[in-house]
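S.K.: One file is attached below, entry08.txt, containing compact mmCIF, C-alpha atoms.
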```
# COMPACT_ATOMS: atom_id res chain seq x y z
CA ASN A 281 149.62 250.14 -0.11
CA TRP A 282 151.90 247.11 -0.17
CA SER A 283 150.93 243.45 -0.37
CA LYS A 284 153.20 240.46 0.20
CA THR A 285 153.69 237.85 -2.52
CA GLN A 286 155.70 234.66 -2.01
CA VAL A 287 157.71 234.13 -5.19
CA SER A 288 160.35 231.61 -4.11
CA SER A 289 161.65 229.77 -1.05
CA GLN A 290 165.19 230.74 -2.12
CA GLU A 291 166.80 234.14 -1.70
CA LEU A 292 166.15 236.71 -4.44
CA TYR A 293 168.62 239.54 -5.00
CA SER A 294 167.42 241.73 -7.87
CA VAL A 295 164.23 242.83 -9.61
CA ALA A 296 163.68 244.68 -12.89
CA TYR A 297 160.74 245.97 -14.88
CA GLN A 298 160.71 244.95 -18.53
CA ASP A 299 157.60 247.08 -19.11
CA LYS A 300 154.81 248.41 -16.88
CA ASN A 301 153.35 244.92 -16.31
CA LYS A 302 156.23 242.51 -16.92
CA ILE A 303 158.65 242.09 -14.00
CA TRP A 304 161.63 239.77 -13.54
CA THR A 305 163.38 238.72 -10.33
CA VAL A 306 166.52 236.58 -9.93
CA GLY A 307 168.50 235.03 -7.10
CA ALA A 308 170.08 231.94 -5.58
CA GLN A 309 170.34 228.53 -7.27
CA GLY A 310 169.71 229.95 -10.74
CA ASN A 311 166.27 231.23 -9.77
CA MET A 312 164.53 233.35 -12.41
CA PHE A 313 160.86 234.31 -12.16
CA VAL A 314 158.72 236.51 -14.39
CA SER A 315 155.38 238.18 -13.75
CA GLN A 316 153.12 239.29 -16.62
CA ASP A 317 150.58 241.06 -14.39
CA GLY A 318 152.57 243.54 -12.33
CA GLY A 319 153.64 241.05 -9.67
CA LYS A 320 150.34 239.34 -8.83
CA THR A 321 151.41 235.95 -10.21
CA TRP A 322 154.82 234.55 -11.12
CA THR A 323 156.14 231.92 -13.55
CA ASP A 324 159.32 229.95 -12.88
CA LYS A 325 161.93 230.48 -15.64
CA SER A 326 164.91 229.25 -13.62
CA TYR A 327 168.30 228.62 -15.21
CA GLN A 328 169.52 225.08 -15.76
CA ASP A 329 172.73 225.55 -13.74
CA LYS A 330 171.60 225.49 -10.09
CA ASP A 331 175.14 226.26 -8.88
CA VAL A 332 174.86 229.83 -10.20
CA THR A 333 173.57 232.68 -8.06
CA PHE A 334 172.22 235.71 -9.90
CA TYR A 335 172.83 239.12 -8.30
CA ASP A 336 171.62 241.58 -10.93
CA ILE A 337 169.08 241.88 -13.74
CA ARG A 338 168.66 244.91 -16.01
CA PHE A 339 166.69 245.67 -19.17
CA VAL A 340 167.82 248.12 -21.85
CA ASN A 341 164.36 247.99 -23.43
CA ASN A 342 161.51 245.47 -23.64
CA GLN A 343 163.62 243.10 -25.79
CA ILE A 344 167.22 243.37 -24.55
CA GLY A 345 168.20 242.49 -20.99
CA TYR A 346 171.12 241.16 -18.94
CA ILE A 347 171.59 239.00 -15.85
CA SER A 348 174.89 238.77 -13.96
CA GLY A 349 175.94 236.49 -11.14
CA SER A 350 178.50 234.08 -9.74
CA LYS A 351 181.10 232.05 -11.68
CA GLY A 352 181.56 234.95 -14.13
CA THR A 353 178.06 234.41 -15.50
CA VAL A 354 176.49 237.04 -17.76
CA LEU A 355 173.29 236.16 -19.61
CA GLN A 356 171.75 238.22 -22.40
CA THR A 357 168.28 238.12 -23.94
CA ILE A 358 167.43 239.79 -27.24
CA ASN A 359 163.86 238.50 -27.43
CA GLY A 360 162.27 239.78 -24.25
CA GLY A 361 163.36 236.91 -22.04
CA GLN A 362 162.12 234.01 -24.18
CA THR A 363 165.70 232.72 -24.35
CA TRP A 364 168.94 233.71 -22.61
CA ILE A 365 172.43 233.54 -24.16
CA ASN A 366 175.45 232.85 -21.95
CA ASN A 367 178.08 235.54 -22.66
CA SER A 368 180.11 235.04 -19.49
CA VAL A 369 183.31 236.91 -18.73
CA ASP A 370 186.71 235.22 -18.52
CA VAL A 371 186.79 233.69 -15.03
CA VAL A 372 190.60 233.61 -15.11
CA LYS A 373 190.71 237.42 -15.18
CA GLU A 374 191.29 238.80 -11.68
CA ASP A 375 188.33 237.82 -9.42
CA PHE A 376 185.61 237.49 -12.03
CA GLY A 377 185.19 233.76 -11.46
CA ARG A 378 185.33 233.87 -7.66
CA MET A 379 183.38 236.99 -6.71
CA PRO A 380 179.72 237.90 -7.44
CA LEU A 381 179.20 240.14 -10.47
CA LYS A 382 177.05 243.29 -10.44
CA SER A 383 176.13 244.99 -13.69
CA PHE A 384 175.56 248.42 -15.22
CA LEU A 385 174.26 249.65 -18.56
CA ILE A 386 176.26 251.85 -20.94
CA GLY A 387 174.14 253.96 -23.26
CA SER A 388 171.67 252.07 -25.41
CA SER A 389 173.76 249.00 -26.22
CA GLY A 390 176.70 248.52 -23.83
CA ILE A 391 176.90 246.36 -20.72
CA GLY A 392 179.47 246.28 -17.94
CA VAL A 393 180.07 244.09 -14.90
CA TYR A 394 182.26 244.64 -11.86
CA THR A 395 183.59 242.99 -8.74
CA LYS A 396 185.93 244.47 -6.12
CA SER A 397 188.08 246.88 -8.20
CA ASN A 398 187.78 245.06 -11.53
CA ILE A 399 185.57 246.04 -14.46
CA ALA A 400 184.66 244.27 -17.70
CA ILE A 401 182.89 246.21 -20.46
CA SER A 402 181.27 244.97 -23.66
CA SER A 403 179.88 247.01 -26.55
CA ASN A 404 178.49 243.97 -28.40
CA GLY A 405 176.19 242.37 -25.86
CA GLY A 406 178.88 240.32 -24.15
CA LYS A 407 180.39 238.60 -27.19
CA SER A 408 183.74 240.13 -26.23
CA TRP A 409 184.95 241.99 -23.15
CA ILE A 410 187.51 244.68 -22.34
CA TYR A 411 188.98 244.34 -18.85
CA SER A 412 190.28 247.11 -16.59
CA LYS A 413 191.13 247.75 -12.96
CA ILE A 414 190.62 250.91 -10.86
CA ASN A 415 193.05 251.78 -8.07
CA LEU A 416 190.66 252.70 -5.26
CA ASP A 417 190.10 252.36 -1.52
CA GLY A 418 187.67 249.59 -0.62
CA ASN A 419 185.57 247.95 -3.32
CA ILE A 420 183.45 249.28 -6.16
CA ALA A 421 180.05 250.14 -4.69
CA ASP A 422 178.21 251.26 -7.82
CA ILE A 423 178.73 252.39 -11.41
CA HIS A 424 176.34 254.60 -13.38
CA PHE A 425 176.59 255.83 -16.99
CA ILE A 426 174.54 258.71 -18.39
CA ASN A 427 175.34 257.88 -22.04
CA ASP A 428 177.72 255.65 -23.98
CA LYS A 429 180.77 257.73 -23.03
CA ILE A 430 180.31 259.41 -19.63
CA GLY A 431 180.06 257.41 -16.43
CA PHE A 432 180.91 257.55 -12.73
CA CYS A 433 182.25 254.89 -10.36
CA LEU A 434 181.85 255.08 -6.56
CA SER A 435 183.89 253.04 -4.08
CA SER A 436 182.70 251.84 -0.69
CA GLU A 437 185.13 254.32 0.92
CA GLY A 438 183.84 257.31 -1.06
CA ASP A 439 186.37 257.46 -3.91
CA LEU A 440 184.64 258.82 -7.02
CA PHE A 441 185.94 258.24 -10.54
CA LYS A 442 184.76 259.53 -13.91
CA THR A 443 185.20 258.24 -17.46
CA THR A 444 184.58 260.19 -20.65
CA ASN A 445 185.50 257.41 -23.09
CA GLY A 446 183.10 254.61 -22.24
CA GLY A 447 185.12 253.13 -19.38
CA THR A 448 188.47 252.71 -21.13
CA ASN A 449 190.09 255.17 -18.71
CA TRP A 450 188.97 256.43 -15.30
CA ALA A 451 190.12 259.63 -13.54
CA GLN A 452 189.51 260.30 -9.87
CA VAL A 453 187.28 263.25 -9.05
CA GLN A 454 189.33 265.61 -6.88
CA ASN A 455 186.87 266.05 -4.02
CA ARG A 456 185.11 263.07 -2.53
CA PRO A 457 182.01 262.68 -0.35
CA TYR A 458 183.01 262.00 3.24
CA GLN A 459 180.11 262.22 5.70
CA ALA A 460 177.81 259.31 4.85
CA TRP A 461 180.38 256.52 5.41
CA TYR A 462 180.51 253.09 3.80
CA TYR A 463 178.92 253.97 0.49
CA SER A 464 176.62 251.57 -1.33
CA ASP A 465 174.69 253.40 -4.07
CA LEU A 466 175.21 256.07 -6.71
CA HIS A 467 172.70 257.87 -8.89
CA VAL A 468 173.75 260.21 -11.69
CA PHE A 469 171.14 262.62 -13.05
CA ASN A 470 173.60 264.33 -15.38
CA GLU A 471 177.30 265.22 -15.47
CA SER A 472 176.88 267.79 -12.68
CA ASN A 473 174.19 266.35 -10.40
CA LEU A 474 174.95 263.17 -8.47
CA ILE A 475 173.67 261.55 -5.29
CA VAL A 476 175.58 259.01 -3.20
CA VAL A 477 174.12 256.88 -0.41
CA GLY A 478 176.06 255.62 2.58
CA GLU A 479 175.55 254.00 5.93
CA LYS A 480 174.97 257.34 7.68
CA GLY A 481 172.99 259.21 5.07
CA ILE A 482 172.91 260.81 1.64
CA GLU A 483 175.18 263.36 -0.02
CA LYS A 484 174.68 265.28 -3.24
CA THR A 485 176.75 267.38 -5.59
CA GLN A 486 175.51 269.91 -8.12
CA ASN A 487 178.87 270.60 -9.75
CA GLY A 488 180.25 267.21 -10.68
CA GLY A 489 181.82 266.46 -7.31
CA ILE A 490 183.61 269.73 -6.60
CA ASN A 491 181.40 270.34 -3.56
CA TRP A 492 179.20 267.95 -1.56
CA ILE A 493 176.12 268.67 0.54
CA TYR A 494 175.11 266.31 3.34
CA MET A 495 171.35 265.77 3.31
```
Turn the structure described in the file into structure tokens.
M.R.:
Amino acid sequence: NWSKTQVSSQELYSVAYQDKNKIWTVGAQGNMFVSQDGGKTWTDKSYQDKDVTFYDIRFVNNQIGYISGSKGTVLQTINGGQTWINNSVDVVKEDFGRMPLKSFLIGSSGIGVYTKSNIAISSNGGKSWIYSKINLDGNIADIHFINDKIGFCLSSEGDLFKTTNGGTNWAQVQNRPYQAWYYSDLHVFNESNLIVVGEKGIEKTQNGGINWIYM
């Protein structure tokens, strides 16, 4: 059963569980809300800069989490959300200051953000960033790492890329999904088994992208 809870009058774009009872949601105008009781009640923890829109929130564990958004903003907490540190990316780099940032986790300590075809990766919680660009059709739709070295990147047009060195280099997977159209989501179970979601359905591979099955 589902019940409706009004959290904010502003738009909210992402939600993440910190543990089984503690939930965070973020969105427009710096909105940040936390629930300590599984979503029954919410406390306003909004960011001081109301010009920032948050698009993503993720937790590595119950202490370390990240929020990414507009204006190159990347926030990190190392104390379970009590305080957030601004470790923003360089807004001069490519489109990081102009386009909304989405995030992905790398292993147990790394964080990455992306926009269009540009990626920034940090192995120290956002204190410093390594920037790269992938030559792909469309925009980056999703990025998913299975450990600190191996990850996959999916474009909106179905291009699939793989890294084996933590995102320093990306190589295109030879065969691409093609039936679901305008791809938006990627889930990687392991190096062989992946699922991609598009406008017209879902496709899966059981051999690392060599063959695709339309579901």
S.K.: For a cutoff of 7 Å around the file-coordinate point (183.2, 266.4, -5.5), which residues qualify once you count only C-alpha atoms? I'd like the result as a ChimeraX atom specification.
M.R.: /A:453-457,485,488-492
S.K.: Grab the residues selected above and save them as a PDB file, keeping the file's coordinate frame with C-alpha atoms.
M.R.:
```pdb
ATOM      1  CA  VAL A 453     187.280 263.250  -9.050  1.00  0.00           C
ATOM      2  CA  GLN A 454     189.330 265.610  -6.880  1.00  0.00           C
ATOM      3  CA  ASN A 455     186.870 266.050  -4.020  1.00  0.00           C
ATOM      4  CA  ARG A 456     185.110 263.070  -2.530  1.00  0.00           C
ATOM      5  CA  PRO A 457     182.010 262.680  -0.350  1.00  0.00           C
ATOM      6  CA  THR A 485     176.750 267.380  -5.590  1.00  0.00           C
ATOM      7  CA  GLY A 488     180.250 267.210 -10.680  1.00  0.00           C
ATOM      8  CA  GLY A 489     181.820 266.460  -7.310  1.00  0.00           C
ATOM      9  CA  ILE A 490     183.610 269.730  -6.600  1.00  0.00           C
ATOM     10  CA  ASN A 491     181.400 270.340  -3.560  1.00  0.00           C
ATOM     11  CA  TRP A 492     179.200 267.950  -1.560  1.00  0.00           C
TER      12      TRP A 492
END
```
S.K.: Just want the 10 Å neighbourhood of A:Ile365, counted on only C-alpha atoms, with same-chain residues fewer than 2 positions away dropped. Output as a PyMOL selection string.
M.R.: chain A and resi 346-347+354-358+361+363+367-368+405-407
S.K.: Between atom CA of A:Ala308 and atom CA of A:Asp331, what is the distance in Å, rounded to a tenth?
M.R.: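 Going from atom CA of A:Ala308 over to atom CA of A:Asp331, I get 8.3 Å.
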S.K.: Any idea what the distance is between atom CA of A:Gln286 and atom CA of A:Phe384?
M.R.: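 These atoms are spaced 27.5 Å apart.
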S.K.: I need the residue nearest A:Asp317 from this list: A:Thr444, A:Asn419, A:Gln298, A:Ser435. Use only C-alpha atoms for the distance.
M.R.: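 Nearest to A:Asp317: A:Gln298.
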S.K.: Using all atoms listed in the file, determine which residues lie at most 12 Å from A:Tyr335, disregarding the query and same-chain residues fewer than 5 positions distant; provide the list as a ChimeraX atom specification.
M.R.: /A:291-296,305-312,346-355,379-384,393-395
S.K.: Calculate how many Å separate atom CA of A:Tyr494 from atom CA of A:Ile475, rounding to one decimal.
M.R.: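 Atom-to-atom, atom CA of A:Tyr494 to atom CA of A:Ile475, that is 10.0 Å.
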S.K.: From the options A:Gly390, A:Phe313, A:Asn470, A:Trp450, which residue's atoms come nearest to A:Gln290, counting all atoms listed in the file?
M.R.: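 Among A:Gly390, A:Phe313, A:Asn470, A:Trp450, it is A:Phe313 that comes nearest to A:Gln290.
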S.K.: For A:Glu471, find every residue with an atom within 12 Å (counting all atoms listed in the file), except residues of its own chain fewer than 5 positions away, and show them as a PyMOL selection string.
M.R.: chain A and resi 424-427+429-432+442-444+485-490
S.K.: Hey, which of A:Asp428, A:Asp422, A:Asp465, A:Asp299 ends up closest to A:Ser315? Count only C-alpha atoms.
M.R.: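 Of the candidates, the smallest distance to A:Ser315 is held by A:Asp299.
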S.K.: Calculated over all atoms listed in the file, which of the candidates A:Ile420, A:Ile493, A:Ile399, A:Ala460 has the smallest distance to A:Val477?
M.R.: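 For A:Val477, the nearest of the given residues is A:Ala460.
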